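Here is target_28.pdb, consisting of PDB, C-alpha atoms:
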MODEL        1
ATOM      1  CA  MET C   1     -15.219  52.132 -65.630
ATOM      2  CA  SER C   2     -13.394  48.961 -66.613
ATOM      3  CA  GLU C   3     -11.566  46.837 -64.067
ATOM      4  CA  ALA C   4      -8.320  47.570 -65.867
ATOM      5  CA  THR C   5      -8.742  51.260 -65.214
ATOM      6  CA  LEU C   6      -9.868  50.614 -61.671
ATOM      7  CA  GLU C   7      -6.919  48.421 -60.750
ATOM      8  CA  HIS C   8      -4.093  49.490 -63.061
ATOM      9  CA  GLY C   9      -4.913  52.934 -64.382
ATOM     10  CA  PRO C  10      -2.766  55.854 -63.304
ATOM     11  CA  ALA C  11      -5.832  57.906 -62.373
ATOM     12  CA  ALA C  12      -7.727  57.212 -59.158
ATOM     13  CA  PRO C  13     -11.381  56.173 -59.555
ATOM     14  CA  SER C  14     -13.883  59.007 -59.168
ATOM     15  CA  ALA C  15     -15.940  59.383 -55.984
ATOM     16  CA  GLU C  16     -19.036  58.312 -57.924
ATOM     17  CA  THR C  17     -17.337  55.119 -59.139
ATOM     18  CA  ILE C  18     -16.150  54.305 -55.617
ATOM     19  CA  ASP C  19     -19.667  54.712 -54.218
ATOM     20  CA  ASN C  20     -21.131  52.503 -56.969
ATOM     21  CA  TYR C  21     -18.640  49.706 -56.301
ATOM     22  CA  LYS C  22     -19.162  49.983 -52.556
ATOM     23  CA  LEU C  23     -22.943  50.012 -52.961
ATOM     24  CA  GLY C  24     -22.625  46.871 -55.083
ATOM     25  CA  MET C  25     -20.604  45.184 -52.335
ATOM     26  CA  TRP C  26     -23.102  46.257 -49.656
ATOM     27  CA  LEU C  27     -25.982  44.848 -51.746
ATOM     28  CA  TYR C  28     -24.107  41.558 -52.037
ATOM     29  CA  LEU C  29     -23.523  41.546 -48.265
ATOM     30  CA  ALA C  30     -27.241  42.277 -47.757
ATOM     31  CA  SER C  31     -28.061  39.033 -49.592
ATOM     32  CA  GLU C  32     -25.581  37.216 -47.367
ATOM     33  CA  VAL C  33     -27.323  38.629 -44.280
ATOM     34  CA  VAL C  34     -30.562  36.916 -45.332
ATOM     35  CA  ILE C  35     -28.803  33.582 -46.060
ATOM     36  CA  PHE C  36     -26.862  33.519 -42.776
ATOM     37  CA  GLY C  37     -29.935  34.830 -40.934
ATOM     38  CA  THR C  38     -31.948  31.836 -42.166
ATOM     39  CA  LEU C  39     -29.252  29.337 -41.181
ATOM     40  CA  ILE C  40     -28.951  30.931 -37.740
ATOM     41  CA  ALA C  41     -32.761  30.949 -37.337
ATOM     42  CA  VAL C  42     -32.912  27.209 -38.086
ATOM     43  CA  TYR C  43     -30.238  26.588 -35.451
ATOM     44  CA  ALA C  44     -31.965  28.877 -32.911
ATOM     45  CA  VAL C  45     -35.289  27.037 -33.297
ATOM     46  CA  TYR C  46     -33.577  23.687 -32.711
ATOM     47  CA  ARG C  47     -31.701  25.121 -29.712
ATOM     48  CA  LEU C  48     -34.951  26.406 -28.191
ATOM     49  CA  ASN C  49     -36.684  23.049 -28.491
ATOM     50  CA  ASN C  50     -33.713  20.814 -27.581
ATOM     51  CA  ALA C  51     -31.891  22.757 -24.880
ATOM     52  CA  GLU C  52     -30.588  19.691 -23.013
ATOM     53  CA  SER C  53     -29.093  17.877 -26.001
ATOM     54  CA  VAL C  54     -27.454  21.104 -27.231
ATOM     55  CA  GLN C  55     -25.937  21.635 -23.774
ATOM     56  CA  HIS C  56     -24.524  18.110 -23.897
ATOM     57  CA  VAL C  57     -22.895  18.798 -27.284
ATOM     58  CA  GLN C  58     -21.516  22.139 -26.024
ATOM     59  CA  GLU C  59     -19.878  20.340 -23.093
ATOM     60  CA  GLU C  60     -18.415  17.851 -25.572
ATOM     61  CA  LEU C  61     -17.114  20.692 -27.764
ATOM     62  CA  GLY C  62     -15.477  22.805 -25.070
ATOM     63  CA  LEU C  63     -14.575  26.439 -25.635
ATOM     64  CA  THR C  64     -10.786  26.400 -25.971
ATOM     65  CA  LEU C  65     -10.435  25.785 -29.690
ATOM     66  CA  VAL C  66     -13.309  28.007 -30.739
ATOM     67  CA  SER C  67     -12.166  30.835 -28.440
ATOM     68  CA  ILE C  68      -8.719  30.760 -30.068
ATOM     69  CA  ASN C  69     -10.435  30.841 -33.453
ATOM     70  CA  THR C  70     -12.548  33.826 -32.408
ATOM     71  CA  PHE C  71      -9.464  35.811 -31.386
ATOM     72  CA  LEU C  72      -7.735  34.824 -34.643
ATOM     73  CA  LEU C  73     -10.618  36.188 -36.699
ATOM     74  CA  LEU C  74     -10.864  39.403 -34.658
ATOM     75  CA  ALA C  75      -7.104  39.898 -35.058
ATOM     76  CA  SER C  76      -7.391  39.241 -38.799
ATOM     77  CA  SER C  77      -9.978  42.033 -39.093
ATOM     78  CA  TRP C  78      -7.613  44.367 -37.266
ATOM     79  CA  ALA C  79      -4.734  43.349 -39.576
ATOM     80  CA  MET C  80      -6.991  43.868 -42.603
ATOM     81  CA  VAL C  81      -7.942  47.413 -41.661
ATOM     82  CA  LEU C  82      -4.298  48.282 -40.908
ATOM     83  CA  GLY C  83      -3.433  46.990 -44.398
ATOM     84  CA  LEU C  84      -5.940  49.458 -45.834
ATOM     85  CA  ARG C  85      -4.484  52.210 -43.652
ATOM     86  CA  GLU C  86      -0.976  51.551 -45.007
ATOM     87  CA  ALA C  87      -2.284  51.890 -48.575
ATOM     88  CA  GLN C  88      -3.898  55.202 -47.620
ATOM     89  CA  LYS C  89      -0.498  56.250 -46.273
ATOM     90  CA  ASP C  90       1.158  55.313 -49.587
ATOM     91  CA  ASN C  91       3.059  52.386 -48.070
ATOM     92  CA  PRO C  92       2.478  49.316 -50.296
ATOM     93  CA  GLN C  93       4.977  47.193 -48.350
ATOM     94  CA  GLY C  94       2.976  47.788 -45.175
ATOM     95  CA  THR C  95      -0.178  46.775 -47.050
ATOM     96  CA  VAL C  96       1.435  43.512 -48.203
ATOM     97  CA  ARG C  97       2.606  42.787 -44.657
ATOM     98  CA  TRP C  98      -0.770  43.365 -42.953
ATOM     99  CA  ILE C  99      -2.890  41.706 -45.632
ATOM    100  CA  GLY C 100      -0.429  38.792 -45.522
ATOM    101  CA  LEU C 101      -1.093  38.520 -41.790
ATOM    102  CA  THR C 102      -4.842  38.587 -42.513
ATOM    103  CA  ALA C 103      -4.447  35.669 -44.928
ATOM    104  CA  LEU C 104      -2.287  33.749 -42.445
ATOM    105  CA  LEU C 105      -4.765  34.191 -39.571
ATOM    106  CA  GLY C 106      -7.639  33.181 -41.867
ATOM    107  CA  THR C 107      -5.736  30.044 -42.908
ATOM    108  CA  ILE C 108      -5.078  29.059 -39.275
ATOM    109  CA  PHE C 109      -8.784  29.657 -38.527
ATOM    110  CA  VAL C 110      -9.806  27.210 -41.264
ATOM    111  CA  ALA C 111      -7.189  24.669 -40.135
ATOM    112  CA  LEU C 112      -8.446  24.805 -36.527
ATOM    113  CA  GLN C 113     -12.020  24.495 -37.745
ATOM    114  CA  GLY C 114     -10.878  21.321 -39.521
ATOM    115  CA  VAL C 115      -9.445  20.038 -36.216
ATOM    116  CA  GLU C 116     -12.735  20.854 -34.472
ATOM    117  CA  TYR C 117     -14.782  19.030 -37.133
ATOM    118  CA  THR C 118     -12.522  15.974 -36.800
ATOM    119  CA  GLU C 119     -13.049  15.930 -33.024
ATOM    120  CA  LEU C 120     -16.802  16.334 -33.497
ATOM    121  CA  GLY C 121     -16.801  13.460 -36.000
ATOM    122  CA  HIS C 122     -15.114  11.247 -33.392
ATOM    123  CA  ALA C 123     -17.796  12.328 -30.896
ATOM    124  CA  GLY C 124     -20.472  11.116 -33.339
ATOM    125  CA  ILE C 125     -21.662  14.535 -34.474
ATOM    126  CA  HIS C 126     -22.015  14.416 -38.239
ATOM    127  CA  LEU C 127     -24.308  15.648 -40.983
ATOM    128  CA  GLY C 128     -26.729  12.780 -40.425
ATOM    129  CA  ASN C 129     -27.545  13.982 -36.880
ATOM    130  CA  GLU C 130     -30.376  16.397 -36.212
ATOM    131  CA  TYR C 131     -27.923  18.605 -34.354
ATOM    132  CA  GLY C 132     -25.043  17.990 -36.768
ATOM    133  CA  MET C 133     -26.772  19.335 -39.858
ATOM    134  CA  ARG C 134     -27.923  22.437 -37.997
ATOM    135  CA  PHE C 135     -24.426  22.992 -36.621
ATOM    136  CA  TYR C 136     -22.429  22.305 -39.781
ATOM    137  CA  ALA C 137     -24.657  24.300 -42.166
ATOM    138  CA  PRO C 138     -23.876  27.783 -40.743
ATOM    139  CA  THR C 139     -20.329  27.045 -39.528
ATOM    140  CA  ALA C 140     -19.158  25.273 -42.711
ATOM    141  CA  PHE C 141     -20.827  27.915 -44.908
ATOM    142  CA  HIS C 142     -18.946  30.506 -42.885
ATOM    143  CA  GLY C 143     -15.716  28.487 -43.218
ATOM    144  CA  ALA C 144     -16.174  28.477 -47.005
ATOM    145  CA  HIS C 145     -16.407  32.277 -46.865
ATOM    146  CA  VAL C 146     -13.138  32.423 -44.913
ATOM    147  CA  ILE C 147     -11.412  30.238 -47.550
ATOM    148  CA  ILE C 148     -12.648  32.551 -50.330
ATOM    149  CA  GLY C 149     -11.488  35.518 -48.229
ATOM    150  CA  VAL C 150      -7.993  34.057 -47.867
ATOM    151  CA  LEU C 151      -7.747  33.590 -51.647
ATOM    152  CA  TRP C 152      -8.968  37.168 -52.150
ATOM    153  CA  ALA C 153      -6.371  38.401 -49.626
ATOM    154  CA  LEU C 154      -3.619  36.668 -51.611
ATOM    155  CA  TYR C 155      -4.864  38.412 -54.760
ATOM    156  CA  VAL C 156      -4.885  41.796 -52.992
ATOM    157  CA  MET C 157      -1.304  41.129 -51.801
ATOM    158  CA  LYS C 158      -0.243  40.364 -55.376
ATOM    159  CA  GLN C 159      -1.813  43.601 -56.607
ATOM    160  CA  ALA C 160      -0.217  45.588 -53.762
ATOM    161  CA  ARG C 161       3.208  44.131 -54.641
ATOM    162  CA  LYS C 162       2.695  45.342 -58.219
ATOM    163  CA  GLY C 163       2.102  48.847 -56.856
ATOM    164  CA  VAL C 164      -1.551  49.038 -57.886
ATOM    165  CA  TYR C 165      -2.694  50.620 -54.612
ATOM    166  CA  ASN C 166      -1.691  54.021 -53.289
ATOM    167  CA  ALA C 167      -3.082  56.931 -51.264
ATOM    168  CA  LYS C 168      -5.462  57.839 -54.107
ATOM    169  CA  ASN C 169      -6.444  54.348 -55.258
ATOM    170  CA  TYR C 170      -7.260  51.780 -52.588
ATOM    171  CA  LEU C 171     -10.790  50.764 -53.611
ATOM    172  CA  GLY C 172      -9.715  47.158 -54.275
ATOM    173  CA  ILE C 173      -8.531  46.794 -50.666
ATOM    174  CA  GLU C 174     -11.608  48.552 -49.305
ATOM    175  CA  LEU C 175     -13.992  46.176 -51.121
ATOM    176  CA  PHE C 176     -12.065  43.147 -49.866
ATOM    177  CA  GLY C 177     -12.137  44.674 -46.387
ATOM    178  CA  LEU C 178     -15.952  44.974 -46.449
ATOM    179  CA  TYR C 179     -16.192  41.278 -47.308
ATOM    180  CA  TRP C 180     -13.651  40.188 -44.696
ATOM    181  CA  HIS C 181     -15.154  42.249 -41.881
ATOM    182  CA  PHE C 182     -18.614  40.930 -42.750
ATOM    183  CA  VAL C 183     -17.275  37.382 -42.359
ATOM    184  CA  ASP C 184     -15.939  38.479 -38.968
ATOM    185  CA  VAL C 185     -19.330  39.933 -37.952
ATOM    186  CA  VAL C 186     -21.068  36.671 -38.894
ATOM    187  CA  TRP C 187     -18.610  34.742 -36.723
ATOM    188  CA  ILE C 188     -19.277  37.086 -33.771
ATOM    189  CA  PHE C 189     -22.925  35.966 -33.875
ATOM    190  CA  LEU C 190     -22.164  32.296 -34.585
ATOM    191  CA  PHE C 191     -19.733  32.170 -31.651
ATOM    192  CA  THR C 192     -22.300  33.608 -29.252
ATOM    193  CA  LEU C 193     -25.339  31.695 -30.504
ATOM    194  CA  ILE C 194     -23.792  28.279 -31.144
ATOM    195  CA  TYR C 195     -21.016  28.001 -28.585
ATOM    196  CA  LEU C 196     -22.019  30.233 -25.659
ATOM    197  CA  ILE C 197     -25.823  30.148 -25.464
TER     198      ILE C 197
ATOM    199  CA  MET U   1     -15.768  72.012 -49.974
ATOM    200  CA  THR U   2     -19.241  71.264 -48.525
ATOM    201  CA  ASP U   3     -19.780  70.464 -44.835
ATOM    202  CA  GLN U   4     -20.429  66.811 -45.715
ATOM    203  CA  GLN U   5     -17.198  66.574 -47.761
ATOM    204  CA  GLN U   6     -15.269  68.326 -44.996
ATOM    205  CA  GLY U   7     -16.702  65.881 -42.437
ATOM    206  CA  ALA U   8     -15.689  62.865 -44.550
ATOM    207  CA  HIS U   9     -12.220  64.347 -45.028
ATOM    208  CA  ASP U  10     -11.802  64.882 -41.261
ATOM    209  CA  ALA U  11     -13.010  61.335 -40.547
ATOM    210  CA  HIS U  12     -10.509  59.960 -43.099
ATOM    211  CA  ASP U  13      -7.694  61.847 -41.344
ATOM    212  CA  ALA U  14      -8.899  60.575 -37.949
ATOM    213  CA  PHE U  15      -8.647  56.970 -39.179
ATOM    214  CA  LEU U  16      -5.056  57.606 -40.308
ATOM    215  CA  SER U  17      -3.945  59.157 -37.033
ATOM    216  CA  ASP U  18      -2.314  57.188 -34.205
ATOM    217  CA  THR U  19      -3.990  59.525 -31.703
ATOM    218  CA  THR U  20      -7.636  59.044 -30.845
ATOM    219  CA  THR U  21      -9.999  60.376 -28.178
ATOM    220  CA  ILE U  22     -11.794  57.878 -25.929
ATOM    221  CA  PHE U  23     -14.188  59.172 -23.235
ATOM    222  CA  GLY U  24     -12.592  62.623 -23.504
ATOM    223  CA  ARG U  25      -9.019  61.338 -23.096
ATOM    224  CA  GLU U  26      -6.453  61.388 -25.883
ATOM    225  CA  ILE U  27      -4.752  58.041 -26.483
ATOM    226  CA  THR U  28      -1.784  57.534 -28.792
ATOM    227  CA  ILE U  29      -1.269  53.969 -29.941
ATOM    228  CA  GLN U  30       0.001  52.410 -33.176
ATOM    229  CA  GLY U  31      -3.021  51.871 -35.390
ATOM    230  CA  GLY U  32      -5.036  54.577 -33.594
ATOM    231  CA  ILE U  33      -8.803  53.986 -33.402
ATOM    232  CA  TYR U  34      -8.461  50.618 -35.205
ATOM    233  CA  THR U  35      -6.255  49.223 -32.417
ATOM    234  CA  VAL U  36      -8.526  50.668 -29.719
ATOM    235  CA  VAL U  37     -11.500  48.905 -31.344
ATOM    236  CA  PHE U  38      -9.530  45.648 -31.517
ATOM    237  CA  VAL U  39      -8.708  45.869 -27.793
ATOM    238  CA  LEU U  40     -12.395  46.542 -27.006
ATOM    239  CA  LEU U  41     -13.434  43.538 -29.117
ATOM    240  CA  ALA U  42     -10.894  41.298 -27.372
ATOM    241  CA  VAL U  43     -11.963  42.445 -23.883
ATOM    242  CA  ALA U  44     -15.659  41.987 -24.769
ATOM    243  CA  THR U  45     -14.913  38.459 -26.030
ATOM    244  CA  VAL U  46     -13.102  37.531 -22.798
ATOM    245  CA  LEU U  47     -16.072  38.852 -20.779
ATOM    246  CA  GLU U  48     -18.452  36.897 -23.026
ATOM    247  CA  ILE U  49     -16.540  33.666 -22.406
ATOM    248  CA  ILE U  50     -16.562  34.272 -18.630
ATOM    249  CA  ILE U  51     -20.286  35.113 -18.611
ATOM    250  CA  GLY U  52     -21.036  32.104 -20.851
ATOM    251  CA  GLY U  53     -19.581  29.854 -18.138
ATOM    252  CA  LEU U  54     -21.957  31.169 -15.462
ATOM    253  CA  PRO U  55     -25.045  29.160 -14.460
ATOM    254  CA  GLU U  56     -27.975  29.825 -16.756
ATOM    255  CA  GLY U  57     -30.221  32.643 -15.520
ATOM    256  CA  VAL U  58     -32.878  34.929 -16.947
ATOM    257  CA  LEU U  59     -30.356  37.577 -17.930
ATOM    258  CA  LEU U  60     -27.669  35.308 -19.382
ATOM    259  CA  ILE U  61     -28.938  35.020 -22.965
ATOM    260  CA  PRO U  62     -29.941  38.724 -23.358
ATOM    261  CA  LEU U  63     -26.559  39.730 -21.913
ATOM    262  CA  LEU U  64     -24.606  37.501 -24.316
ATOM    263  CA  LEU U  65     -26.700  38.715 -27.246
ATOM    264  CA  ALA U  66     -26.056  42.325 -26.182
ATOM    265  CA  PHE U  67     -22.303  41.657 -26.209
ATOM    266  CA  ALA U  68     -22.540  40.157 -29.716
ATOM    267  CA  VAL U  69     -24.537  43.158 -30.989
ATOM    268  CA  ILE U  70     -22.069  45.642 -29.455
ATOM    269  CA  LYS U  71     -19.075  43.806 -30.958
ATOM    270  CA  ALA U  72     -20.711  43.583 -34.393
ATOM    271  CA  THR U  73     -21.645  47.282 -34.235
ATOM    272  CA  LEU U  74     -18.032  48.230 -33.452
ATOM    273  CA  VAL U  75     -16.773  46.262 -36.473
ATOM    274  CA  VAL U  76     -19.421  47.681 -38.798
ATOM    275  CA  MET U  77     -19.022  51.284 -37.615
ATOM    276  CA  TYR U  78     -15.233  51.506 -37.455
ATOM    277  CA  TYR U  79     -13.741  48.705 -39.592
ATOM    278  CA  MET U  80     -16.419  48.825 -42.305
ATOM    279  CA  HIS U  81     -16.577  52.636 -41.966
ATOM    280  CA  LEU U  82     -20.360  52.944 -41.761
ATOM    281  CA  LYS U  83     -19.811  55.669 -39.169
ATOM    282  CA  THR U  84     -18.504  57.965 -41.893
ATOM    283  CA  ASP U  85     -19.732  56.413 -45.178
ATOM    284  CA  SER U  86     -22.977  57.142 -47.004
ATOM    285  CA  ARG U  87     -26.186  56.596 -44.980
ATOM    286  CA  LEU U  88     -27.458  54.582 -47.958
ATOM    287  CA  PHE U  89     -25.025  51.761 -47.081
ATOM    288  CA  THR U  90     -26.435  51.692 -43.539
ATOM    289  CA  TRP U  91     -29.964  51.184 -44.873
ATOM    290  CA  VAL U  92     -28.773  48.519 -47.292
ATOM    291  CA  LEU U  93     -27.534  46.618 -44.218
ATOM    292  CA  ILE U  94     -30.435  47.362 -41.863
ATOM    293  CA  LEU U  95     -33.309  46.333 -44.172
ATOM    294  CA  PRO U  96     -32.190  42.698 -44.724
ATOM    295  CA  LEU U  97     -31.295  42.519 -41.027
ATOM    296  CA  LEU U  98     -34.895  43.398 -40.158
ATOM    297  CA  ILE U  99     -36.167  40.779 -42.632
ATOM    298  CA  ALA U 100     -33.854  38.117 -41.173
ATOM    299  CA  LEU U 101     -34.856  39.122 -37.631
ATOM    300  CA  ALA U 102     -38.576  38.968 -38.476
ATOM    301  CA  ALA U 103     -38.112  35.500 -40.037
ATOM    302  CA  MET U 104     -36.190  34.363 -36.963
ATOM    303  CA  LEU U 105     -38.814  35.646 -34.519
ATOM    304  CA  TYR U 106     -41.592  34.007 -36.542
ATOM    305  CA  LEU U 107     -39.756  30.647 -36.575
ATOM    306  CA  LEU U 108     -39.055  30.901 -32.856
ATOM    307  CA  ALA U 109     -42.702  31.700 -32.118
ATOM    308  CA  ALA U 110     -44.083  28.845 -34.226
ATOM    309  CA  PRO U 111     -44.684  25.581 -32.314
ATOM    310  CA  PRO U 112     -42.223  22.778 -33.278
ATOM    311  CA  THR U 113     -45.090  20.691 -34.693
ATOM    312  CA  GLY U 114     -46.331  23.602 -36.795
ATOM    313  CA  TYR U 115     -49.720  25.334 -36.631
ATOM    314  CA  THR U 116     -52.728  23.029 -36.938
TER     315      THR U 116
ENDMDL
END
Please go through the file and, once you have read it, give me the structure as structure tokens.
Amino acid sequence: MSEATLEHGPAAPSAETIDNYKLGMWLYLASEVVIFGTLIAVYAVYRLNNAESVQHVQEELGLTLVSINTFLLLASSWAMVLGLREAQKDNPQGTVRWIGLTALLGTIFVALQGVEYTELGHAGIHLGNEYGMRFYAPTAFHGAHVIIGVLWALYVMKQARKGVYNAKNYLGIELFGLYWHFVDVVWIFLFTLIYLI
Amino acid sequence: MTDQQQGAHDAHDAFLSDTTTIFGREITIQGGIYTVVFVLLAVATVLEIIIGGLPEGVLLIPLLLAFAVIKATLVVMYYMHLKTDSRLFTWVLILPLLIALAAMLYLLAAPPTGYT
């Protein structure tokens, strides 16, 4: 089925088409699991062998900023799924509102991550450090995913405004949701492994 | 309608309802199960932050990891709908997770200077 039919056609996509698109998204996410898993493994090995220096950096970092960011991302996932729910209830305005909130929370997350990186730079933690490269690789890669997610959210909002989504056709929102929630799941692990342990 | 289709249909309706059942009690809240999951995630995160501030002990790291796994499972089951979607999607997620976990355990077990 062409994208035009999927997004603009009057008929809803068949169950088989939906499953194929969702399977495709899950396969993509599976590849992301391996990439993030590797980056996290590299960090975990460093953490195991350099516990004292990591603890020093964690004290330097503090938890305030990153805790706020964690709540922002959790709230964005909640907003995202409520946006999908509104589409399923045939309420495109509700979808625009909730997905808009998702994009806003994602944008604030990236902005605060920028603030955190600036503070870390002042504390001498940069890509040239042994710790720095292991810290920035997973967190910046994750940040890049959030930026892409925000752009995708804006696209979904535009489509919702045009009336593309309804109670029978919400696959576009569902696929975006899988991506966004995955980004949230990755952050759940990064927050625990990098900032708490 | 087959049993499987009926089950998926019921699950879809449950996600749209503002009323959900938690530990045998009916709760009505805007957003239904999605809001309940969000509250659970927020509470778990607060507990994680409190526990993370405790002095390091034997149980600290396993406990924090358990919290992370529970939170991730809630998101995947309810927000990503793996609880009701095709089992195939679950396997597509679990297999690379096992590969990543095996790679991680191997790297953690290897001495920092490598095997000689």
| message | Once the ChimeraX specification (/C :<9) & /U has been evaluated on this model, what residues remain selected, and can you format them as an NGL selection string? | response | :U and (15-16 or 31 or 34-35 or 37-38 or 41-42 or 45-46 or 48-49 or 51-53 or 56 or 60-61 or 64-65 or 67-69 or 71-73 or 75-76 or 79-81 or 86 or 88-90 or 92-97 or 99-101 or 103-105 or 107-109 or 112)
Could you build a table of the residues in range 18-84 of chain C lying no more than 8 Å from range 105-127 of chain C, giving for each the nearest pair of atoms and their separation in Å rounded to one decimal place, using all atoms listed in the file, ordered by chain and ascending residue number, as a Markdown table?
| residue | atom | partner | partner_atom | distance |
| --- | --- | --- | --- | --- |
| C:Glu60 | CA | C:Ala123 | CA | 7.7 |
| C:Leu61 | CA | C:Leu120 | CA | 7.2 |
| C:Leu65 | CA | C:Leu112 | CA | 7.2 |
| C:Val66 | CA | C:Gln113 | CA | 7.9 |
| C:Asn69 | CA | C:Phe109 | CA | 5.5 |
| C:Leu72 | CA | C:Leu105 | CA | 5.8 |
| C:Leu73 | CA | C:Gly106 | CA | 6.7 |
| C:Ala75 | CA | C:Leu105 | CA | 7.6 |
| C:Ser76 | CA | C:Leu105 | CA | 5.7 |
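CA of Ala103 in chain C to CA of Ile18 in chain C spans 24.5 Å [interatomic distance, one decimal].
CA of Ala153 in chain C lies 7.3 Å from CA of Thr102 in chain C.
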| task | Give as a ChimeraX atom specification the residues that the PyMOL selection byres ((chain U and resi 29) around 12) matches when applied to the coordinates above. | result | /U:16-22,26-28,30-39
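Using all atoms listed in the file, the smallest distance between any of C:Val183, C:Val156, C:Val96, C:Val57 and Thr139 in chain C comes from C:Val183.
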Edge lengths and centre in Å to one decimal, as AutoDock Vina command-line options, is what I'm after for the box along x, y and z that holds all listed atoms of range 183-197 of chain C once 6 Å is added on each side.
--center_x -20.9 --center_y 34.0 --center_z -33.9 --size_x 21.9 --size_y 23.9 --size_z 28.9
| query | In Å, with one decimal, what is the gap from CA of Met157 in chain C to CA of Thr95 in chain C? | reply | 7.5 Å
| said: Running the PyMOL selection byres ((chain C and resi 166) around 10) on this model by hand, what would come out? Give it as number ranges by chain. | reply: C: 12, 84, 86-92, 95, 160, 163-165, 167-171
